[in-house]
Structure formats: C-alpha cells, structure tokens
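Source file protein04.pdb; content: PDB, C-alpha atoms.
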ATOM      1  CA  MET L  12       0.000   0.000   0.000  1.00  0.00           C
ATOM      2  CA  THR L  13       1.405   3.301  -1.039  1.00  0.00           C
ATOM      3  CA  MET L  14       0.613   6.532   0.775  1.00  0.00           C
ATOM      4  CA  THR L  15       0.872   9.805  -0.928  1.00  0.00           C
ATOM      5  CA  MET L  16       1.621  12.799   1.186  1.00  0.00           C
ATOM      6  CA  PRO L  17       0.294  16.102   0.094  1.00  0.00           C
ATOM      7  CA  ALA L  18       2.972  18.459  -1.076  1.00  0.00           C
ATOM      8  CA  ALA L  19       3.996  21.189   1.338  1.00  0.00           C
ATOM      9  CA  PRO L  20       2.821  24.599   0.252  1.00  0.00           C
ATOM     10  CA  ALA L  21       5.470  26.583  -1.512  1.00  0.00           C
ATOM     11  CA  ALA L  22       7.102  29.262   0.595  1.00  0.00           C
ATOM     12  CA  PRO L  23       6.244  32.762  -0.469  1.00  0.00           C
ATOM     13  CA  THR L  24       8.928  34.277  -2.597  1.00  0.00           C
ATOM     14  CA  MET L  25       7.947  37.923  -2.411  1.00  0.00           C
ATOM     15  CA  ALA L  26       6.539  40.128   0.290  1.00  0.00           C
ATOM     16  CA  SER L  27       3.432  40.664  -1.839  1.00  0.00           C
ATOM     17  CA  ASP L  28       2.745  36.916  -1.668  1.00  0.00           C
ATOM     18  CA  VAL L  29       2.336  37.087   2.113  1.00  0.00           C
ATOM     19  CA  THR L  30      -1.262  37.389   3.248  1.00  0.00           C
ATOM     20  CA  PRO L  31      -1.546  40.150   5.860  1.00  0.00           C
ATOM     21  CA  THR L  32      -2.531  38.954   9.266  1.00  0.00           C
ATOM     22  CA  ALA L  33      -5.326  40.475  11.273  1.00  0.00           C
ATOM     23  CA  PHE L  34      -2.708  42.155  13.448  1.00  0.00           C
ATOM     24  CA  THR L  35      -1.015  43.902  10.535  1.00  0.00           C
ATOM     25  CA  ARG L  36      -4.387  45.011   9.173  1.00  0.00           C
ATOM     26  CA  VAL L  37      -5.389  46.485  12.532  1.00  0.00           C
ATOM     27  CA  THR L  38      -1.998  48.135  12.937  1.00  0.00           C
ATOM     28  CA  SER L  39      -2.230  49.656   9.478  1.00  0.00           C
ATOM     29  CA  LEU L  40      -5.765  50.873  10.161  1.00  0.00           C
ATOM     30  CA  MET L  41      -4.670  52.457  13.450  1.00  0.00           C
ATOM     31  CA  GLN L  42      -1.757  54.210  11.742  1.00  0.00           C
ATOM     32  CA  ARG L  43      -4.071  55.625   9.056  1.00  0.00           C
ATOM     33  CA  ALA L  44      -6.567  56.754  11.705  1.00  0.00           C
ATOM     34  CA  ARG L  45      -3.818  58.472  13.678  1.00  0.00           C
ATOM     35  CA  ARG L  46      -2.562  60.277  10.569  1.00  0.00           C
ATOM     36  CA  ALA L  47      -6.113  61.433   9.833  1.00  0.00           C
ATOM     37  CA  LEU L  48      -6.592  62.639  13.408  1.00  0.00           C
ATOM     38  CA  ASP L  49      -3.223  64.398  13.359  1.00  0.00           C
ATOM     39  CA  ALA L  50      -4.162  66.132  10.112  1.00  0.00           C
ATOM     40  CA  GLY L  51      -7.468  67.285  11.620  1.00  0.00           C
ATOM     41  CA  ALA L  52      -5.990  68.440  14.935  1.00  0.00           C
ATOM     42  CA  PRO L  53      -5.335  72.056  13.882  1.00  0.00           C
ATOM     43  CA  ILE L  54      -8.910  72.383  12.631  1.00  0.00           C
ATOM     44  CA  ALA L  55     -10.278  70.908  15.849  1.00  0.00           C
ATOM     45  CA  ASP L  56      -8.083  73.266  17.880  1.00  0.00           C
ATOM     46  CA  VAL L  57      -9.465  76.305  16.053  1.00  0.00           C
ATOM     47  CA  LEU L  58     -13.042  75.059  16.467  1.00  0.00           C
ATOM     48  CA  VAL L  59     -12.521  74.539  20.212  1.00  0.00           C
ATOM     49  CA  ARG L  60     -11.062  78.031  20.582  1.00  0.00           C
ATOM     50  CA  LEU L  61     -13.923  79.554  18.557  1.00  0.00           C
ATOM     51  CA  ALA L  62     -16.576  77.804  20.665  1.00  0.00           C
ATOM     52  CA  VAL L  63     -15.096  78.914  23.982  1.00  0.00           C
ATOM     53  CA  ALA L  64     -14.272  82.412  22.770  1.00  0.00           C
ATOM     54  CA  SER L  65     -17.798  82.886  21.453  1.00  0.00           C
ATOM     55  CA  ALA L  66     -19.380  82.020  24.803  1.00  0.00           C
ATOM     56  CA  PHE L  67     -17.174  84.384  26.796  1.00  0.00           C
ATOM     57  CA  PHE L  68     -17.277  87.207  24.237  1.00  0.00           C
ATOM     58  CA  LYS L  69     -21.101  87.132  24.085  1.00  0.00           C
ATOM     59  CA  ALA L  70     -21.231  87.299  27.892  1.00  0.00           C
ATOM     60  CA  GLY L  71     -18.923  90.325  27.814  1.00  0.00           C
ATOM     61  CA  LEU L  72     -21.074  92.053  25.200  1.00  0.00           C
ATOM     62  CA  ALA L  73     -24.180  91.400  27.287  1.00  0.00           C
ATOM     63  CA  LYS L  74     -22.524  92.978  30.334  1.00  0.00           C
ATOM     64  CA  LEU L  75     -21.363  95.959  28.288  1.00  0.00           C
ATOM     65  CA  SER L  76     -24.785  96.505  26.704  1.00  0.00           C
ATOM     66  CA  ASN L  77     -26.426  97.191  30.078  1.00  0.00           C
ATOM     67  CA  TRP L  78     -23.785  98.477  32.462  1.00  0.00           C
ATOM     68  CA  GLN L  79     -26.261  99.315  35.230  1.00  0.00           C
ATOM     69  CA  ALA L  80     -27.529  95.727  35.255  1.00  0.00           C
ATOM     70  CA  THR L  81     -23.928  94.498  35.267  1.00  0.00           C
ATOM     71  CA  LEU L  82     -23.087  96.629  38.283  1.00  0.00           C
ATOM     72  CA  TYR L  83     -26.260  95.399  40.003  1.00  0.00           C
ATOM     73  CA  LEU L  84     -25.234  91.759  39.409  1.00  0.00           C
ATOM     74  CA  PHE L  85     -21.738  92.353  40.761  1.00  0.00           C
ATOM     75  CA  GLU L  86     -23.144  94.141  43.814  1.00  0.00           C
ATOM     76  CA  ASN L  87     -25.949  91.707  44.615  1.00  0.00           C
ATOM     77  CA  GLU L  88     -25.410  88.347  42.904  1.00  0.00           C
ATOM     78  CA  TYR L  89     -21.725  87.740  42.320  1.00  0.00           C
ATOM     79  CA  ALA L  90     -19.481  87.442  45.342  1.00  0.00           C
ATOM     80  CA  VAL L  91     -16.106  88.175  43.754  1.00  0.00           C
ATOM     81  CA  PRO L  92     -13.492  87.822  46.489  1.00  0.00           C
ATOM     82  CA  LEU L  93     -10.945  90.532  47.335  1.00  0.00           C
ATOM     83  CA  LEU L  94     -12.078  93.097  44.750  1.00  0.00           C
ATOM     84  CA  PRO L  95     -14.319  96.132  45.012  1.00  0.00           C
ATOM     85  CA  THR L  96     -17.566  95.637  43.096  1.00  0.00           C
ATOM     86  CA  GLU L  97     -16.981  98.127  40.311  1.00  0.00           C
ATOM     87  CA  LEU L  98     -13.401  96.988  39.732  1.00  0.00           C
ATOM     88  CA  ALA L  99     -14.578  93.362  39.578  1.00  0.00           C
ATOM     89  CA  ALA L 100     -17.215  94.342  37.015  1.00  0.00           C
ATOM     90  CA  TRP L 101     -14.668  96.193  34.847  1.00  0.00           C
ATOM     91  CA  LEU L 102     -12.084  93.426  35.064  1.00  0.00           C
ATOM     92  CA  GLY L 103     -14.615  90.669  34.437  1.00  0.00           C
ATOM     93  CA  THR L 104     -16.138  92.416  31.436  1.00  0.00           C
ATOM     94  CA  GLY L 105     -12.695  93.292  30.087  1.00  0.00           C
ATOM     95  CA  ALA L 106     -11.543  89.700  30.433  1.00  0.00           C
ATOM     96  CA  GLU L 107     -14.632  88.459  28.595  1.00  0.00           C
ATOM     97  CA  LEU L 108     -14.068  90.910  25.737  1.00  0.00           C
ATOM     98  CA  VAL L 109     -10.276  90.875  25.320  1.00  0.00           C
ATOM     99  CA  LEU L 110      -9.151  87.325  26.123  1.00  0.00           C
ATOM    100  CA  PRO L 111     -11.493  85.599  23.629  1.00  0.00           C
ATOM    101  CA  VAL L 112     -10.246  87.839  20.824  1.00  0.00           C
ATOM    102  CA  LEU L 113      -6.647  86.943  21.650  1.00  0.00           C
ATOM    103  CA  LEU L 114      -7.609  83.268  21.822  1.00  0.00           C
ATOM    104  CA  VAL L 115      -9.213  83.316  18.370  1.00  0.00           C
ATOM    105  CA  LEU L 116      -6.436  85.339  16.744  1.00  0.00           C
ATOM    106  CA  GLY L 117      -3.769  83.094  18.252  1.00  0.00           C
ATOM    107  CA  LEU L 118      -2.039  85.980  20.002  1.00  0.00           C
ATOM    108  CA  GLY L 119      -0.728  84.772  23.335  1.00  0.00           C
ATOM    109  CA  THR L 120      -3.035  81.804  22.936  1.00  0.00           C
ATOM    110  CA  ARG L 121      -1.922  79.941  26.037  1.00  0.00           C
ATOM    111  CA  CYS L 122      -1.906  83.092  28.152  1.00  0.00           C
ATOM    112  CA  ALA L 123      -5.409  83.944  26.933  1.00  0.00           C
ATOM    113  CA  ALA L 124      -6.578  80.371  27.589  1.00  0.00           C
ATOM    114  CA  LEU L 125      -5.051  80.449  31.069  1.00  0.00           C
ATOM    115  CA  GLY L 126      -6.691  83.807  31.784  1.00  0.00           C
ATOM    116  CA  LEU L 127     -10.095  82.488  30.694  1.00  0.00           C
ATOM    117  CA  PHE L 128      -9.535  79.267  32.651  1.00  0.00           C
ATOM    118  CA  VAL L 129      -8.875  81.217  35.868  1.00  0.00           C
ATOM    119  CA  PHE L 130     -11.718  83.623  35.069  1.00  0.00           C
ATOM    120  CA  ASN L 131     -14.037  80.631  34.594  1.00  0.00           C
ATOM    121  CA  ILE L 132     -13.094  79.236  38.020  1.00  0.00           C
ATOM    122  CA  VAL L 133     -13.608  82.637  39.679  1.00  0.00           C
ATOM    123  CA  ALA L 134     -16.998  82.933  37.978  1.00  0.00           C
ATOM    124  CA  VAL L 135     -18.116  79.583  39.374  1.00  0.00           C
ATOM    125  CA  LEU L 136     -16.844  80.356  42.863  1.00  0.00           C
ATOM    126  CA  SER L 137     -18.362  83.856  42.816  1.00  0.00           C
ATOM    127  CA  TYR L 138     -21.878  82.810  41.913  1.00  0.00           C
ATOM    128  CA  PRO L 139     -23.260  80.627  44.714  1.00  0.00           C
ATOM    129  CA  ASP L 140     -26.669  80.213  43.026  1.00  0.00           C
ATOM    130  CA  LEU L 141     -25.220  78.527  39.923  1.00  0.00           C
ATOM    131  CA  ASN L 142     -27.445  75.563  39.052  1.00  0.00           C
ATOM    132  CA  ALA L 143     -26.303  72.142  37.834  1.00  0.00           C
ATOM    133  CA  ALA L 144     -26.714  73.038  34.145  1.00  0.00           C
ATOM    134  CA  GLY L 145     -24.674  76.209  34.580  1.00  0.00           C
ATOM    135  CA  LEU L 146     -21.976  74.314  36.443  1.00  0.00           C
ATOM    136  CA  ALA L 147     -21.835  71.691  33.677  1.00  0.00           C
ATOM    137  CA  GLN L 148     -21.462  74.454  31.106  1.00  0.00           C
ATOM    138  CA  HIS L 149     -18.571  76.019  33.029  1.00  0.00           C
ATOM    139  CA  GLN L 150     -16.941  72.595  33.408  1.00  0.00           C
ATOM    140  CA  THR L 151     -17.182  72.079  29.643  1.00  0.00           C
ATOM    141  CA  TRP L 152     -15.573  75.456  28.983  1.00  0.00           C
ATOM    142  CA  GLY L 153     -12.824  74.622  31.474  1.00  0.00           C
ATOM    143  CA  LEU L 154     -12.110  71.284  29.799  1.00  0.00           C
ATOM    144  CA  LEU L 155     -12.048  72.898  26.354  1.00  0.00           C
ATOM    145  CA  LEU L 156      -9.621  75.517  27.622  1.00  0.00           C
ATOM    146  CA  LEU L 157      -7.414  72.746  29.022  1.00  0.00           C
ATOM    147  CA  ILE L 158      -7.143  71.332  25.489  1.00  0.00           C
ATOM    148  CA  THR L 159      -5.555  74.584  24.395  1.00  0.00           C
ATOM    149  CA  LEU L 160      -3.393  74.814  27.498  1.00  0.00           C
ATOM    150  CA  ALA L 161      -2.125  71.236  27.374  1.00  0.00           C
ATOM    151  CA  GLY L 162      -1.725  70.861  23.614  1.00  0.00           C
ATOM    152  CA  LEU L 163       1.609  70.096  22.011  1.00  0.00           C
ATOM    153  CA  ASP L 164       3.626  73.198  21.241  1.00  0.00           C
ATOM    154  CA  GLU L 165       6.433  72.091  18.962  1.00  0.00           C
ATOM    155  CA  ARG L 166       8.281  75.346  19.656  1.00  0.00           C
ATOM    156  CA  VAL L 167       9.151  73.952  23.102  1.00  0.00           C
ATOM    157  CA  ASN L 168      11.146  71.093  21.607  1.00  0.00           C
ATOM    158  CA  ALA L 169      12.515  73.301  18.808  1.00  0.00           C
ATOM    159  CA  ALA L 170      14.166  75.493  21.441  1.00  0.00           C
ATOM    160  CA  TYR L 171      16.269  72.637  22.874  1.00  0.00           C
ATOM    161  CA  PRO L 172      19.355  73.081  20.665  1.00  0.00           C
ATOM    162  CA  ALA L 173      19.688  76.797  21.478  1.00  0.00           C
ATOM    163  CA  TYR L 174      19.042  76.112  25.159  1.00  0.00           C
ATOM    164  CA  GLU L 175      21.615  73.328  25.182  1.00  0.00           C
ATOM    165  CA  ASP L 176      24.192  75.562  23.446  1.00  0.00           C
ATOM    166  CA  ALA L 177      23.611  78.329  26.003  1.00  0.00           C
ATOM    167  CA  LEU L 178      24.100  75.870  28.873  1.00  0.00           C
ATOM    168  CA  LYS L 179      27.322  74.538  27.351  1.00  0.00           C
ATOM    169  CA  LYS L 180      28.691  78.039  26.720  1.00  0.00           C
ATOM    170  CA  ALA L 181      27.926  78.944  30.332  1.00  0.00           C
ATOM    171  CA  GLY L 182      29.754  75.814  31.503  1.00  0.00           C
ATOM    172  CA  LYS L 183      26.643  74.418  33.187  1.00  0.00           C
ATOM    173  CA  THR L 184      26.080  70.730  33.730  1.00  0.00           C
ATOM    174  CA  TYR L 185      22.582  69.503  33.087  1.00  0.00           C
ATOM    175  CA  THR L 186      20.544  66.438  32.339  1.00  0.00           C
ATOM    176  CA  LEU L 187      17.884  66.419  29.678  1.00  0.00           C
ATOM    177  CA  HIS L 188      15.046  63.966  30.210  1.00  0.00           C
ATOM    178  CA  ASN L 189      12.863  63.365  27.180  1.00  0.00           C
ATOM    179  CA  TYR L 190      10.392  60.571  27.846  1.00  0.00           C
ATOM    180  CA  ALA L 191       8.821  58.618  24.991  1.00  0.00           C
ATOM    181  CA  GLY L 192       5.213  59.523  24.396  1.00  0.00           C
ATOM    182  CA  CYS L 193       5.460  62.618  26.572  1.00  0.00           C
ATOM    183  CA  GLN L 194       6.098  65.009  23.664  1.00  0.00           C
ATOM    184  CA  HIS L 195       8.166  67.427  25.763  1.00  0.00           C
ATOM    185  CA  GLY L 196      11.485  67.205  27.530  1.00  0.00           C
ATOM    186  CA  PHE L 197      12.286  68.216  31.089  1.00  0.00           C
ATOM    187  CA  HIS L 198      15.497  69.699  32.474  1.00  0.00           C
TER     188      HIS L 198
END
Written as structure tokens, that's how I'd like the structure from this file.
Amino acid sequence: MTMTMPAAPAAPTMASDVTPTAFTRVTSLMQRARRALDAGAPIADVLVRLAVASAFFKAGLAKLSNWQATLYLFENEYAVPLLPTELAAWLGTGAELVLPVLLVLGLGTRCAALGLFVFNIVAVLSYPDLNAAGLAQHQTWGLLLLITLAGLDERVNAAYPAYEDALKKAGKTYTLHNYAGCQHGFH
C-alpha cells in the first residue's frame, strides 16, 4: 500500500505573496486613523477656541450693553473675592471681551486660555446660586480651555538646541530627560 503525502505549500517568494494577518491590518488601520486625526488636529483646535471664545465674548457684550444691570449683578449676585464691586465688574467684562479675541487670533493663545480658565473658576466660585446646568457648562468650557493649554507646542522642543548651546557656553552641567510619548522634555 502506497501513501501519498500532500505536497507542502510553496514558501512565499515575495513580500506581496504574504497574506496580511489580522494584526497587521489592525496596525495599518490604526496608523491611518492616527494620521487622519493628526491632520485634523489644527482644525479641531481652532473650532474649540472659537466655541469657547464665542461664549465668553457674548457674555462680555451682554454685560457691556447694560452696564447698570452688570453693576447690580456684581453688587448683589456675584461674590467676587478681594475686589471692590466696580473693579470686579470692569475686570470681568474686560476679560470676557479681550481674552477671547486673543484666543481666536492666536495671540498669546496659552496666556489667553489660562486667563479664561482662571476667570471661569472665579466665575463659578463667585456665583453661589449657579445651578447644575450652569456648572456643567462652566466645566465644559474649562475642559475645552485645558485642550488649548495642554496641547503640544512644537516650539518647546525646537528650542532645545539653542538652550543646550547656552548651557554649554555657560559651563553648566545639566541632564535632559525626554520621555517617549510625553512630547516634551524636562530639564
């Protein structure tokens, strides 16, 4: 009795002959998705800044349109700590009108975002009658501002060579720590 063994499949000779595994397909899909998200990040950043800036700017315009009502609110409703009522009204209205414009134009973006972030916290703390919906709205604005504050600024890493040269010229010893996935280095 003779047994015939099936022939072993021929080994692939070219990379194109290799059937992609599920892992390589998923990896490729994830890489394409990341590239798409990276490409859309600047647009998303502008949209976030426009949304937050619009809310604060409209509030500033409303305060400016009826100054007597604004002063009444600061005297009777808002409990701004450490500031006289009229000064708090002027500073609050100014912050709501100036900082959003800077945020949208990209002038001192992080400073403007930080200013609005602090202003947002003060607004929540100063208005004890804020309801749950109002608090949720302020939390959303705060989180959106954190996106701008915490976003990658490639200029930070671009400054390393000049910083390193200055340290070397000054004869300073230093250690640069740049952790993978962190996007920024620390000295």
Which neighbours of Ala90 of chain L fall inside 12 Å, counting all atoms listed in the file, when residues of the same chain fewer than 2 positions from it are skipped, and could you give them as a PDB file with C-alpha atoms, in the frame of the given file?
ATOM      1  CA  TYR L  83     -26.260  95.399  40.003  1.00  0.00           C
ATOM      2  CA  LEU L  84     -25.234  91.759  39.409  1.00  0.00           C
ATOM      3  CA  PHE L  85     -21.738  92.353  40.761  1.00  0.00           C
ATOM      4  CA  GLU L  86     -23.144  94.141  43.814  1.00  0.00           C
ATOM      5  CA  ASN L  87     -25.949  91.707  44.615  1.00  0.00           C
ATOM      6  CA  GLU L  88     -25.410  88.347  42.904  1.00  0.00           C
ATOM      7  CA  PRO L  92     -13.492  87.822  46.489  1.00  0.00           C
ATOM      8  CA  LEU L  93     -10.945  90.532  47.335  1.00  0.00           C
ATOM      9  CA  LEU L  94     -12.078  93.097  44.750  1.00  0.00           C
ATOM     10  CA  PRO L  95     -14.319  96.132  45.012  1.00  0.00           C
ATOM     11  CA  THR L  96     -17.566  95.637  43.096  1.00  0.00           C
ATOM     12  CA  ALA L  99     -14.578  93.362  39.578  1.00  0.00           C
ATOM     13  CA  ALA L 100     -17.215  94.342  37.015  1.00  0.00           C
ATOM     14  CA  VAL L 133     -13.608  82.637  39.679  1.00  0.00           C
ATOM     15  CA  ALA L 134     -16.998  82.933  37.978  1.00  0.00           C
ATOM     16  CA  VAL L 135     -18.116  79.583  39.374  1.00  0.00           C
ATOM     17  CA  LEU L 136     -16.844  80.356  42.863  1.00  0.00           C
ATOM     18  CA  SER L 137     -18.362  83.856  42.816  1.00  0.00           C
ATOM     19  CA  TYR L 138     -21.878  82.810  41.913  1.00  0.00           C
ATOM     20  CA  PRO L 139     -23.260  80.627  44.714  1.00  0.00           C
ATOM     21  CA  ASP L 140     -26.669  80.213  43.026  1.00  0.00           C
ATOM     22  CA  LEU L 141     -25.220  78.527  39.923  1.00  0.00           C
TER      23      LEU L 141
END
Item to complete: Between L:Ala147, L:Ala106, L:Ala52, L:Val57, single out the one closest to Val129 of chain L, counting only C-alpha atoms.
Response: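 The answer is L:Ala106, which sits nearest to Val129 of chain L.
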Worksheet entry | Straight-line distance linking atom CA of Thr35 of chain L with atom CA of Gly51 of chain L, stated in Å to one decimal |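 Rounded to one decimal, the two atoms are 24.3 Å apart.
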Worksheet item: Could you work out how far atom CA of Gly71 of chain L lies from atom CA of Leu108 of chain L, giving the answer in Å with one decimal?
Response: 5.3 Å
Worksheet item: For Gln150 of chain L, which residue among L:Leu178, L:Ala170, L:Phe128, L:Ala33 is the nearest when counting all atoms listed in the file?
Response: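 So, comparing all the options, the nearest one is L:Phe128.
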Discussion item. Would you pick out the contacts of Ala73 of chain L at 12 Å or less, using all atoms listed in the file, so that residues sharing its chain but fewer than 4 positions from it are not included, and give the list as a ChimeraX atom specification?
Written reply: /L:66-69,77-81,103-105,107-108
Worksheet item: Could you name the residues that touch His149 of chain L at 9 Å or less, counting all atoms listed in the file, but leaving out those on the same chain fewer than 2 positions away, as number ranges by chain?
Response: L: 131-132, 134-135, 144-147, 151-154
Worksheet item: What is the distance between atom CA of Leu110 of chain L and atom CA of Ala143 of chain L, in Å to one decimal?
Response: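 Going from atom CA of Leu110 of chain L over to atom CA of Ala143 of chain L, I get 25.7 Å.
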Worksheet item: Using the chain letters and numbers from the file, which residues does the PyMOL selection byres ((chain L and resi 116-118) around 12) grab, as a count of residues only?
Response: 20
Taking all atoms of segment 71-79 of chain L that the file lists, what box with edges along x, y and z, padded by 8 Å per side, do you get, with centre and edge lengths in Å to one decimal, as AutoDock Vina command-line options?
--center_x -22.7 --center_y 94.8 --center_z 30.2 --size_x 23.5 --size_y 25.0 --size_z 26.0
